[in-house]
$ cat protein36.csv   # CSV, C-alpha atoms and all ligand atoms
chain,number,residue,atom,x,y,z
C,1,MET,CA,67.0,152.1,-22.2
C,2,SER,CA,65.8,152.5,-18.6
C,3,MET,CA,68.1,152.9,-15.7
C,4,LEU,CA,68.0,150.2,-13.1
C,5,LEU,CA,70.7,151.2,-10.6
C,6,ASN,CA,72.3,154.5,-10.0
C,7,ILE,CA,75.0,155.0,-7.4
C,8,GLU,CA,76.0,158.6,-6.6
C,9,ASP,CA,78.8,160.0,-4.4
C,10,LEU,CA,79.1,156.8,-2.4
C,11,ARG,CA,81.4,156.7,0.7
C,12,PHE,CA,81.6,153.6,2.8
C,13,SER,CA,83.8,152.3,5.6
C,14,TRP,CA,83.3,149.2,7.7
C,15,PRO,CA,82.4,149.9,11.4
C,16,GLY,CA,85.5,150.6,13.5
C,17,ASP,CA,87.6,151.2,10.3
C,18,THR,CA,88.6,154.8,9.8
C,19,ARG,CA,89.8,154.2,6.3
C,20,PRO,CA,87.1,154.2,3.6
C,21,VAL,CA,86.8,151.0,1.5
C,22,LEU,CA,84.7,152.6,-1.2
C,23,ALA,CA,84.5,156.1,-2.5
C,24,MET,CA,82.9,156.4,-5.9
C,25,ASP,CA,81.3,159.3,-7.7
C,26,SER,CA,79.0,157.3,-9.9
C,27,LEU,CA,78.0,153.9,-11.2
C,28,ALA,CA,75.0,153.3,-13.4
C,29,LEU,CA,73.4,150.0,-14.6
C,30,THR,CA,70.9,150.0,-17.4
C,31,ALA,CA,68.1,147.4,-17.4
C,32,GLY,CA,69.0,144.3,-19.2
C,33,GLU,CA,72.8,144.8,-19.5
C,34,LYS,CA,75.4,142.3,-18.4
C,35,VAL,CA,78.3,144.0,-16.6
C,36,PHE,CA,81.6,142.6,-15.5
C,37,MET,CA,83.3,144.3,-12.6
C,38,PHE,CA,86.9,143.5,-11.9
C,39,GLY,CA,89.4,144.4,-9.2
C,40,PRO,CA,92.0,142.6,-7.1
C,41,SER,CA,91.3,140.8,-3.9
C,42,GLY,CA,90.3,143.2,-1.1
C,43,SER,CA,89.4,146.0,-3.5
C,44,GLY,CA,85.8,146.1,-2.2
C,45,LYS,CA,83.9,144.1,-4.8
C,46,SER,CA,81.9,142.1,-2.2
C,47,THR,CA,81.4,145.3,-0.1
C,48,LEU,CA,79.9,147.0,-3.1
C,49,LEU,CA,77.5,144.1,-3.7
C,50,ALA,CA,76.5,144.2,0.0
C,51,LEU,CA,75.7,147.9,-0.4
C,52,ILE,CA,73.7,147.3,-3.6
C,53,GLY,CA,71.9,144.4,-1.9
C,54,GLY,CA,70.9,146.8,1.0
C,55,LEU,CA,72.7,144.6,3.5
C,56,VAL,CA,74.8,147.5,4.7
C,57,ARG,CA,74.3,151.3,4.5
C,58,PRO,CA,76.9,153.8,3.3
C,59,GLN,CA,78.0,156.8,5.4
C,60,ALA,CA,77.3,159.1,2.4
C,61,GLY,CA,75.8,159.0,-1.0
C,62,ARG,CA,72.7,157.5,-2.7
C,63,ILE,CA,72.0,154.1,-4.1
C,64,LEU,CA,69.0,154.4,-6.4
C,65,PHE,CA,67.4,151.1,-7.3
C,66,GLN,CA,64.4,151.4,-9.6
C,67,ALA,CA,64.5,155.1,-8.7
C,68,GLN,CA,64.1,154.4,-4.9
C,69,ASP,CA,67.0,155.5,-2.7
C,70,LEU,CA,68.0,152.4,-0.7
C,71,THR,CA,70.0,154.5,1.7
C,72,ALA,CA,66.9,156.4,2.8
C,73,LEU,CA,64.9,153.2,3.6
C,74,GLY,CA,64.7,151.2,6.8
C,75,GLY,CA,66.1,147.7,7.1
C,76,ALA,CA,62.7,146.0,6.7
C,77,ARG,CA,62.0,147.8,3.5
C,78,ARG,CA,65.4,147.1,2.1
C,79,ASP,CA,64.9,143.4,3.0
C,80,ARG,CA,61.7,143.4,1.0
C,81,ILE,CA,63.2,145.0,-2.0
C,82,ARG,CA,66.1,142.5,-1.9
C,83,ALA,CA,63.7,139.5,-1.6
C,84,GLU,CA,61.5,140.8,-4.4
C,85,HIS,CA,64.0,142.1,-7.0
C,86,LEU,CA,67.4,140.6,-6.4
C,87,GLY,CA,69.0,137.3,-7.0
C,88,VAL,CA,72.5,136.7,-5.5
C,89,ILE,CA,75.0,134.0,-6.5
C,90,PHE,CA,77.5,133.9,-3.6
C,91,GLN,CA,81.1,133.0,-3.9
C,92,GLN,CA,80.6,130.0,-1.6
C,93,PHE,CA,77.0,129.5,-3.1
C,94,ASN,CA,75.4,129.4,0.4
C,95,LEU,CA,73.0,126.6,-0.4
C,96,LEU,CA,71.1,125.1,2.6
C,97,PRO,CA,72.9,121.8,2.9
C,98,TRP,CA,69.9,119.8,4.4
C,99,LEU,CA,67.5,120.9,1.7
C,100,ASP,CA,67.3,119.2,-1.7
C,101,LEU,CA,68.1,121.0,-4.9
C,102,LYS,CA,64.5,121.9,-5.8
C,103,ALA,CA,63.7,123.2,-2.3
C,104,ASN,CA,66.9,125.4,-2.4
C,105,VAL,CA,65.8,126.9,-5.7
C,106,MET,CA,62.3,127.5,-4.5
C,107,LEU,CA,63.5,129.3,-1.3
C,108,PRO,CA,63.5,133.0,-2.5
C,109,CYS,CA,59.8,132.7,-3.3
C,110,ARG,CA,59.1,132.0,0.3
C,111,PHE,CA,60.3,135.5,1.3
C,112,SER,CA,58.4,137.4,-1.4
C,113,ARG,CA,54.8,136.9,-2.5
C,114,ALA,CA,55.4,139.1,-5.5
C,115,ARG,CA,58.4,137.0,-6.6
C,116,ALA,CA,56.4,133.8,-6.1
C,117,ALA,CA,53.6,135.3,-8.2
C,118,ARG,CA,56.0,136.1,-11.0
C,119,ALA,CA,57.3,132.5,-10.8
C,120,GLY,CA,53.8,131.1,-11.1
C,121,ASP,CA,53.9,127.4,-10.2
C,122,VAL,CA,57.0,127.8,-8.0
C,123,GLY,CA,57.9,124.0,-8.1
C,124,ALA,CA,57.6,123.8,-11.9
C,125,ALA,CA,59.6,127.0,-12.2
C,126,ALA,CA,62.4,125.5,-10.0
C,127,GLN,CA,62.4,122.4,-12.1
C,128,ASN,CA,62.6,124.3,-15.3
C,129,LEU,CA,65.6,126.4,-14.1
C,130,LEU,CA,67.4,123.3,-12.7
C,131,GLY,CA,66.9,121.6,-16.1
C,132,ALA,CA,68.0,124.8,-18.0
C,133,MET,CA,71.1,125.0,-15.9
C,134,GLY,CA,72.0,121.5,-16.9
C,135,LEU,CA,71.1,119.6,-13.8
C,136,ASP,CA,69.8,116.1,-14.4
C,137,PRO,CA,66.3,115.4,-12.9
C,138,VAL,CA,67.8,112.4,-11.0
C,139,LEU,CA,69.6,115.0,-8.8
C,140,TRP,CA,66.7,117.3,-8.0
C,141,GLY,CA,65.7,115.4,-4.9
C,142,ARG,CA,69.3,115.1,-3.6
C,143,ARG,CA,70.5,117.0,-0.6
C,144,ALA,CA,72.6,120.1,-1.6
C,145,ASP,CA,75.6,118.9,0.4
C,146,ARG,CA,75.9,115.9,-1.9
C,147,LEU,CA,76.8,117.8,-5.0
C,148,SER,CA,80.0,118.7,-6.8
C,149,VAL,CA,81.2,122.3,-6.7
C,150,GLY,CA,80.1,122.8,-10.4
C,151,GLN,CA,76.6,121.4,-9.6
C,152,GLN,CA,76.3,123.6,-6.5
C,153,GLN,CA,77.1,126.6,-8.6
C,154,ARG,CA,74.4,125.8,-11.1
C,155,VAL,CA,71.8,125.3,-8.3
C,156,ALA,CA,72.9,128.7,-6.8
C,157,ALA,CA,72.3,130.3,-10.2
C,158,ALA,CA,68.9,128.7,-10.6
C,159,ARG,CA,68.0,130.0,-7.1
C,160,ALA,CA,69.1,133.5,-7.9
C,161,LEU,CA,67.0,133.4,-11.2
C,162,ILE,CA,63.7,132.1,-9.8
C,163,GLY,CA,60.9,134.6,-10.1
C,164,ARG,CA,62.8,136.7,-12.7
C,165,PRO,CA,64.5,139.3,-10.4
C,166,ALA,CA,65.4,142.6,-11.9
C,167,LEU,CA,69.0,142.3,-10.8
C,168,ILE,CA,71.4,139.3,-10.4
C,169,LEU,CA,74.5,139.9,-8.4
C,170,ALA,CA,77.2,137.3,-8.9
C,171,ASP,CA,80.2,137.3,-6.6
C,172,GLU,CA,83.1,135.3,-8.2
C,173,PRO,CA,80.9,132.3,-8.8
C,174,THR,CA,83.4,130.8,-11.3
C,175,SER,CA,86.6,131.0,-9.2
C,176,ALA,CA,86.7,127.3,-8.4
C,177,LEU,CA,86.2,126.1,-12.1
C,178,ASP,CA,88.6,125.4,-14.9
C,179,HIS,CA,88.5,127.4,-18.2
C,180,ASP,CA,86.1,125.2,-20.1
C,181,ARG,CA,83.7,124.9,-17.2
C,182,ARG,CA,83.7,128.6,-16.6
C,183,GLN,CA,82.7,129.2,-20.3
C,184,ASP,CA,80.0,126.5,-20.0
C,185,PHE,CA,78.6,128.1,-16.9
C,186,LEU,CA,78.5,131.5,-18.4
C,187,ASP,CA,76.7,130.1,-21.5
C,188,LEU,CA,74.0,128.7,-19.3
C,189,LEU,CA,73.8,131.7,-17.0
C,190,PHE,CA,73.6,134.2,-19.8
C,191,GLY,CA,70.8,132.2,-21.5
C,192,GLN,CA,68.7,132.3,-18.4
C,193,VAL,CA,69.5,135.9,-17.5
C,194,GLU,CA,68.4,136.9,-21.0
C,195,ALA,CA,65.2,134.7,-20.7
C,196,ALA,CA,64.4,136.4,-17.4
C,197,GLY,CA,65.1,139.9,-18.8
C,198,SER,CA,67.4,140.5,-15.7
C,199,THR,CA,70.4,142.7,-15.4
C,200,LEU,CA,73.6,141.0,-14.4
C,201,LEU,CA,76.4,142.4,-12.3
C,202,PHE,CA,79.2,139.9,-12.1
C,203,VAL,CA,82.3,140.6,-10.0
C,204,SER,CA,85.6,138.9,-10.3
C,205,HIS,CA,89.4,139.4,-9.9
C,206,ASP,CA,89.9,137.3,-13.0
C,207,ARG,CA,89.6,139.4,-16.2
C,208,GLU,CA,89.6,136.4,-18.5
C,209,LEU,CA,85.8,136.4,-18.7
C,210,ALA,CA,85.4,140.2,-19.3
C,211,GLY,CA,85.1,140.0,-23.1
C,212,ARG,CA,81.9,138.0,-22.9
C,213,PHE,CA,80.0,140.8,-21.2
C,214,ASP,CA,78.3,143.9,-22.6
C,215,ARG,CA,80.9,146.0,-20.7
C,216,ALA,CA,83.6,145.7,-18.1
C,217,VAL,CA,84.2,148.1,-15.2
C,218,ASP,CA,87.5,148.4,-13.4
C,219,LEU,CA,86.6,149.0,-9.7
C,220,THR,CA,90.1,150.3,-8.9
C,221,GLU,CA,89.6,153.0,-11.5
C,222,LEU,CA,86.2,153.9,-10.2
C,223,ASN,CA,87.1,153.7,-6.5
C,224,GLN,CA,88.7,156.9,-5.1
C,225,ALA,CA,89.2,155.4,-1.6
C,226,GLY,CA,92.8,155.5,-0.6
C,227,VAL,CA,93.7,157.7,-3.6
C,228,ALA,CA,95.6,160.8,-2.5
C,229,ALA,CA,93.7,164.0,-3.3
T,1,LIG,N1,82.2,142.4,7.3
T,1,LIG,C1,83.4,143.1,7.2
T,1,LIG,N2,83.8,143.8,8.3
T,1,LIG,C2,84.9,144.6,8.3
T,1,LIG,N3,85.7,144.7,7.2
T,1,LIG,C3,85.4,144.0,6.1
T,1,LIG,C4,84.2,143.2,6.1
T,1,LIG,N4,84.1,142.7,4.8
T,1,LIG,C5,85.2,143.1,4.1
T,1,LIG,N5,85.9,143.9,4.9
T,1,LIG,C6,87.2,144.6,4.5
T,1,LIG,O1,86.8,145.5,3.4
T,1,LIG,C7,87.8,145.4,2.4
T,1,LIG,C8,87.3,145.0,1.0
T,1,LIG,O2,86.8,143.6,1.2
T,1,LIG,P1,85.9,142.9,0.1
T,1,LIG,O3,85.5,141.6,0.6
T,1,LIG,O4,84.8,143.8,-0.3
T,1,LIG,O5,86.9,142.8,-1.2
T,1,LIG,P2,86.8,141.9,-2.5
T,1,LIG,O6,87.3,142.8,-3.6
T,1,LIG,O7,85.4,141.3,-2.6
T,1,LIG,O8,87.9,140.8,-2.2
T,1,LIG,P3,87.9,139.2,-2.7
T,1,LIG,O9,88.2,139.3,-4.2
T,1,LIG,O10,89.1,138.7,-1.9
T,1,LIG,O11,86.6,138.6,-2.4
T,1,LIG,C9,88.9,144.5,2.9
T,1,LIG,O12,89.9,145.3,3.5
T,1,LIG,C10,88.2,143.7,4.0
T,1,LIG,O13,89.1,143.3,5.0
$ encode --input "protein36.csv" --output "structure tokens"
Amino acid sequence: MSMLLNIEDLRFSWPGDTRPVLAMDSLALTAGEKVFMFGPSGSGKSTLLALIGGLVRPQAGRILFQAQDLTALGGARRDRIRAEHLGVIFQQFNLLPWLDLKANVMLPCRFSRARAARAGDVGAAAQNLLGAMGLDPVLWGRRADRLSVGQQQRVAAARALIGRPALILADEPTSALDHDRRQDFLDLLFGQVEAAGSTLLFVSHDRELAGRFDRAVDLTELNQAGVAA
């Protein structure tokens, strides 16, 4: 099993905040595994995803992604790695409201040639993913702001998956759904994550879904920030 992500001796505090949000000795993700990370609201889950996504830099430590240390790279290089290798499903989905479903899903391929090349025919790949995520073809040309929350969530997942990124980061994408719809969404998401051969890191405050993943990680156990020495 090859290692995809390795976090070592990470320390992070937001600018202007003297108190660290995250302090963790290690976290490792193996290629192809589906990991559930839980922790209460405010425990730093979204912050950790921002660090892994290279959007912010830690004050100390290393974030090795495919053996490259993101903390040693400049912003442009981190942007390129993110565009090429990461798919993100945001809590609020962050679809572009004025674009239709298909254009939203195709978007990541506009920022990375390598990702577009992996997708092949980008339009056909977008349609395949929309169909696989259970979105009826009659919806594909509809503006993204004319969708239900459940439909937006599936479009956001299709967008994250296009071009088979090595890592999918999912930030509480199921929080607005009821029990059955959460399970349905996970069925579809897992099917496509496995088809793409991607690794999935799914964060949530709700432990109900944990049993469906390869393993579950308790962020509060991992995170030494705020813990008296
Ligand atoms: N952009 C930011 N600037 C400054 N502080 C921030 C920023 N984002 C988050 N924080 C702070 O960092 C801490 C962790 O927040 P974070 O959003 O990572 O938690 P979370 O576990 O994802 O919470 P939730 O489950 O509510 O989404 C909080 O105290 C929050 O106020």
$ closest_atom_pairs --input "protein36.csv" --of "chain C" --to "ligand LIG 1 (chain T)" --cutoff "9 Å" --atoms "all atoms listed in the file" --output "Markdown table"
| residue | atom | partner | partner_atom | distance |
| --- | --- | --- | --- | --- |
| C:Ser13 | CA | T:LIG1 | O1 | 7.8 |
| C:Trp14 | CA | T:LIG1 | C2 | 4.9 |
| C:Pro15 | CA | T:LIG1 | C2 | 6.6 |
| C:Gly16 | CA | T:LIG1 | C2 | 8.0 |
| C:Asp17 | CA | T:LIG1 | C2 | 7.4 |
| C:Pro20 | CA | T:LIG1 | O1 | 8.7 |
| C:Val21 | CA | T:LIG1 | C7 | 5.8 |
| C:Leu22 | CA | T:LIG1 | C8 | 8.3 |
| C:Phe38 | CA | T:LIG1 | O6 | 8.3 |
| C:Gly39 | CA | T:LIG1 | O6 | 6.2 |
| C:Pro40 | CA | T:LIG1 | O9 | 5.8 |
| C:Ser41 | CA | T:LIG1 | O9 | 3.5 |
| C:Gly42 | CA | T:LIG1 | O5 | 3.4 |
| C:Ser43 | CA | T:LIG1 | O6 | 3.8 |
| C:Gly44 | CA | T:LIG1 | O4 | 3.1 |
| C:Lys45 | CA | T:LIG1 | O6 | 3.8 |
| C:Ser46 | CA | T:LIG1 | O7 | 3.6 |
| C:Thr47 | CA | T:LIG1 | O4 | 3.7 |
| C:Leu48 | CA | T:LIG1 | O4 | 6.5 |
| C:Leu49 | CA | T:LIG1 | O4 | 8.1 |
| C:Ala50 | CA | T:LIG1 | O4 | 8.3 |
| C:Gln91 | CA | T:LIG1 | O11 | 8.0 |
| C:Asp171 | CA | T:LIG1 | O7 | 7.7 |
| C:Glu172 | CA | T:LIG1 | O11 | 7.5 |
| C:Val203 | CA | T:LIG1 | O7 | 8.1 |
| C:Ser204 | CA | T:LIG1 | O9 | 6.6 |
| C:His205 | CA | T:LIG1 | O9 | 5.8 |
| C:Leu219 | CA | T:LIG1 | O6 | 8.7 |
$ write_last_selection --input "protein36.csv" --atoms "C-alpha atoms" --output "compact mmCIF listing (two decimals), in the frame of the given file"
# COMPACT_ATOMS: atom_id res chain seq x y z
CA SER C 13 83.80 152.30 5.60
CA TRP C 14 83.30 149.20 7.70
CA PRO C 15 82.40 149.90 11.40
CA GLY C 16 85.50 150.60 13.50
CA ASP C 17 87.60 151.20 10.30
CA PRO C 20 87.10 154.20 3.60
CA VAL C 21 86.80 151.00 1.50
CA LEU C 22 84.70 152.60 -1.20
CA PHE C 38 86.90 143.50 -11.90
CA GLY C 39 89.40 144.40 -9.20
CA PRO C 40 92.00 142.60 -7.10
CA SER C 41 91.30 140.80 -3.90
CA GLY C 42 90.30 143.20 -1.10
CA SER C 43 89.40 146.00 -3.50
CA GLY C 44 85.80 146.10 -2.20
CA LYS C 45 83.90 144.10 -4.80
CA SER C 46 81.90 142.10 -2.20
CA THR C 47 81.40 145.30 -0.10
CA LEU C 48 79.90 147.00 -3.10
CA LEU C 49 77.50 144.10 -3.70
CA ALA C 50 76.50 144.20 0.00
CA GLN C 91 81.10 133.00 -3.90
CA ASP C 171 80.20 137.30 -6.60
CA GLU C 172 83.10 135.30 -8.20
CA VAL C 203 82.30 140.60 -10.00
CA SER C 204 85.60 138.90 -10.30
CA HIS C 205 89.40 139.40 -9.90
CA LEU C 219 86.60 149.00 -9.70
$ atom_distance --input "protein36.csv" --atom1 "CA of Phe111 in chain C" --atom2 "CA of Val138 in chain C"
27.2 Å
$ residues_around --input "protein36.csv" --residues "Gln151 in chain C" --least-positions-apart "3" --cutoff "10 Å" --atoms "only C-alpha atoms" --output "list in words"
Leu101, Leu130, Met133, Gly134, Leu135, Asp136, Leu139, Ala144, Arg146, Leu147, Ser148, Arg154, Val155, Ala156 and Ala157 of chain C
$ closest_residue --input "protein36.csv" --among "C:Asn104, C:Ala119, C:Leu167, C:Leu5" --to "Gln68 in chain C" --atoms "all atoms listed in the file"
C:Leu5
$ closest_residue --input "protein36.csv" --among "C:Gly123, C:Thr174, C:Asp25, C:Glu194" --to "Ala60 in chain C" --atoms "only C-alpha atoms"
C:Asp25
$ closest_residue --input "protein36.csv" --among "C:Ile81, C:Leu10, C:Val149, C:Ala170" --to "Ser112 in chain C" --atoms "all atoms listed in the file"
C:Ile81
$ atom_distance --input "protein36.csv" --atom1 "CA of Ala67 in chain C" --atom2 "CA of Phe12 in chain C"
20.7 Å
